[in-house]
Amino acid sequence: MAVRKFSSISVETTLASGIGATGTTMTVATGTGSSLLGGVTLGPAVGGVYPDQFTVALDPDTTNEEIIFIVANSGDSFTIVRGQAGTTAISHSSGATVRHVLTSDDLNAFEAGLTNGGGGASSPDILMLMGG
């Protein structure tokens, strides 16, 4: 299970170019990638498995809202997992808003870590949420 990472200082940005419904990468406005992550560092893939995820919304608060997980980054480019938290992968236009969000799926994972033997207060998922 990936460690969910969060930031209280993430800064909203926009897509530098549009992405299709099957795209697995996105690029945000020049120079805004690190601000979007708000100080969060994502670990490198190990055996093709990404250890971390950072939840964002594309086109938040619109009928085109899609929740995605950022699992890797290089500057302003991100590797993404589409259609999360009950949303569907759809196309998004250049200039679409990209915002870090906390979803009910994130809170459910947090609760599961507390109640289902997730290690209690020492669980990595919980420590990342608390900033530890």
# chains A, B, ... in the order shown; residues from 1 in each chain; ligands from 1
call {"tool": "residues_around", "arguments": {"residues": "A:Asn73", "least_positions_apart": "4", "cutoff": "9 Å", "atoms": "only C-alpha atoms", "output": "list in words"}}
result
Gly33, Thr41, Leu42, Ser77, Phe78, Thr79 and Ile80 of chain A
call {"tool": "residues_around", "arguments": {"residues": "A:Ser93", "least_positions_apart": "2", "cutoff": "12 Å", "atoms": "only C-alpha atoms", "output": "PDB file with N, CA and C atoms, in the first residue's frame"}}
result
ATOM      1  N   THR A  14      -1.970  25.234 -12.700  1.00  0.00           N
ATOM      2  CA  THR A  14      -2.764  24.892 -13.883  1.00  0.00           C
ATOM      3  C   THR A  14      -1.981  23.926 -14.768  1.00  0.00           C
ATOM      4  N   LEU A  15      -2.707  23.196 -15.614  1.00  0.00           N
ATOM      5  CA  LEU A  15      -2.060  22.325 -16.585  1.00  0.00           C
ATOM      6  C   LEU A  15      -1.382  23.173 -17.656  1.00  0.00           C
ATOM      7  N   ALA A  16      -0.153  22.823 -18.002  1.00  0.00           N
ATOM      8  CA  ALA A  16       0.569  23.528 -19.066  1.00  0.00           C
ATOM      9  C   ALA A  16       0.061  23.103 -20.436  1.00  0.00           C
ATOM     10  N   SER A  17      -0.440  21.872 -20.518  1.00  0.00           N
ATOM     11  CA  SER A  17      -1.014  21.351 -21.758  1.00  0.00           C
ATOM     12  C   SER A  17      -2.123  20.380 -21.393  1.00  0.00           C
ATOM     13  N   GLY A  18      -3.019  20.167 -22.313  1.00  0.00           N
ATOM     14  CA  GLY A  18      -4.130  19.273 -22.060  1.00  0.00           C
ATOM     15  C   GLY A  18      -3.673  17.829 -21.931  1.00  0.00           C
ATOM     16  N   ILE A  19      -4.520  17.014 -21.298  1.00  0.00           N
ATOM     17  CA  ILE A  19      -4.248  15.582 -21.212  1.00  0.00           C
ATOM     18  C   ILE A  19      -5.503  14.815 -21.612  1.00  0.00           C
ATOM     19  N   GLY A  20      -5.296  13.719 -22.328  1.00  0.00           N
ATOM     20  CA  GLY A  20      -6.405  12.869 -22.737  1.00  0.00           C
ATOM     21  C   GLY A  20      -6.827  11.950 -21.606  1.00  0.00           C
ATOM     22  N   ALA A  21      -7.937  11.271 -21.813  1.00  0.00           N
ATOM     23  CA  ALA A  21      -8.510  10.411 -20.772  1.00  0.00           C
ATOM     24  C   ALA A  21      -7.617   9.231 -20.407  1.00  0.00           C
ATOM     25  N   MET A  26       1.271  14.319 -16.592  1.00  0.00           N
ATOM     26  CA  MET A  26       0.763  15.674 -16.771  1.00  0.00           C
ATOM     27  C   MET A  26       1.891  16.653 -16.492  1.00  0.00           C
ATOM     28  N   THR A  27       1.799  17.818 -17.121  1.00  0.00           N
ATOM     29  CA  THR A  27       2.769  18.883 -16.902  1.00  0.00           C
ATOM     30  C   THR A  27       2.007  20.114 -16.465  1.00  0.00           C
ATOM     31  N   VAL A  28       2.489  20.737 -15.380  1.00  0.00           N
ATOM     32  CA  VAL A  28       1.851  21.947 -14.868  1.00  0.00           C
ATOM     33  C   VAL A  28       2.635  23.173 -15.331  1.00  0.00           C
ATOM     34  N   LEU A  58      -8.155  17.571 -10.632  1.00  0.00           N
ATOM     35  CA  LEU A  58      -8.115  18.322 -11.879  1.00  0.00           C
ATOM     36  C   LEU A  58      -9.506  18.912 -12.078  1.00  0.00           C
ATOM     37  N   ASP A  59      -9.564  20.181 -12.471  1.00  0.00           N
ATOM     38  CA  ASP A  59     -10.853  20.876 -12.629  1.00  0.00           C
ATOM     39  C   ASP A  59     -11.716  20.742 -11.376  1.00  0.00           C
ATOM     40  N   ASN A  64     -16.396  18.493 -14.354  1.00  0.00           N
ATOM     41  CA  ASN A  64     -15.273  17.735 -14.912  1.00  0.00           C
ATOM     42  C   ASN A  64     -14.235  17.348 -13.868  1.00  0.00           C
ATOM     43  N   ILE A  90     -11.064  11.515 -17.519  1.00  0.00           N
ATOM     44  CA  ILE A  90     -11.581  12.225 -18.683  1.00  0.00           C
ATOM     45  C   ILE A  90     -10.501  13.175 -19.192  1.00  0.00           C
ATOM     46  N   SER A  91     -10.724  13.763 -20.348  1.00  0.00           N
ATOM     47  CA  SER A  91      -9.787  14.743 -20.896  1.00  0.00           C
ATOM     48  C   SER A  91      -9.888  16.056 -20.128  1.00  0.00           C
ATOM     49  N   GLY A  95      -4.612  24.759 -19.077  1.00  0.00           N
ATOM     50  CA  GLY A  95      -5.143  25.812 -18.220  1.00  0.00           C
ATOM     51  C   GLY A  95      -6.081  25.307 -17.134  1.00  0.00           C
ATOM     52  N   ALA A  96      -6.408  24.008 -17.149  1.00  0.00           N
ATOM     53  CA  ALA A  96      -7.280  23.443 -16.109  1.00  0.00           C
ATOM     54  C   ALA A  96      -6.615  23.583 -14.747  1.00  0.00           C
ATOM     55  N   THR A  97      -7.403  23.840 -13.731  1.00  0.00           N
ATOM     56  CA  THR A  97      -6.896  23.981 -12.375  1.00  0.00           C
ATOM     57  C   THR A  97      -6.437  22.637 -11.833  1.00  0.00           C
ATOM     58  N   VAL A  98      -5.314  22.652 -11.100  1.00  0.00           N
ATOM     59  CA  VAL A  98      -4.777  21.472 -10.423  1.00  0.00           C
ATOM     60  C   VAL A  98      -4.606  21.864  -8.958  1.00  0.00           C
TER      61      VAL A  98
END
call {"tool": "closest_residue", "arguments": {"among": "A:Ser104, A:Thr87, A:Thr62, A:Thr13", "to": "A:Leu37", "atoms": "only C-alpha atoms"}}
result
A:Thr13
call {"tool": "closest_residue", "arguments": {"among": "A:Gln53, A:Ser94, A:Thr115, A:Ser74", "to": "A:Ser7", "atoms": "only C-alpha atoms"}}
result
A:Gln53
call {"tool": "select_by_dssp", "arguments": {"residues": "chain A", "states": "alpha helix (DSSP H)", "output": "list in words"}}
result
Gly33, Ser34, Ser35, Leu36, Leu37, Ser104, Asp105, Asp106, Leu107, Asn108, Ala109, Phe110, Glu111, Ala112, Gly113, Leu114, Thr115, Pro124, Asp125, Ile126, Leu127, Met128, Leu129 and Met130 of chain A
call {"tool": "write_last_selection", "arguments": {"atoms": "C-alpha atoms", "output": "compact mmCIF listing (two decimals), in the first residue's frame"}}
result
# COMPACT_ATOMS: atom_id res chain seq x y z
CA GLY A 33 5.60 21.78 -9.73
CA SER A 34 7.39 22.09 -6.40
CA SER A 35 4.80 24.56 -5.08
CA LEU A 36 2.02 22.11 -5.94
CA LEU A 37 3.76 19.42 -3.87
CA SER A 104 -13.11 10.80 1.74
CA ASP A 105 -10.91 7.95 0.39
CA ASP A 106 -7.91 9.55 2.16
CA LEU A 107 -9.86 9.75 5.41
CA ASN A 108 -11.07 6.16 5.04
CA ALA A 109 -7.46 5.00 4.60
CA PHE A 110 -6.49 6.96 7.70
CA GLU A 111 -9.32 5.39 9.69
CA ALA A 112 -8.39 1.92 8.45
CA GLY A 113 -4.85 2.50 9.65
CA LEU A 114 -6.19 3.27 13.10
CA THR A 115 -8.78 0.51 13.40
CA PRO A 124 3.84 5.51 8.34
CA ASP A 125 0.49 6.52 6.79
CA ILE A 126 -0.57 8.20 10.02
CA LEU A 127 2.79 9.83 10.64
CA MET A 128 2.75 11.44 7.19
CA LEU A 129 -0.71 12.84 7.86
CA MET A 130 0.46 14.26 11.19
call {"tool": "closest_residue", "arguments": {"among": "A:Gly83, A:Gly75, A:Gly23, A:Gly43", "to": "A:Thr55", "atoms": "only C-alpha atoms"}}
result
A:Gly83
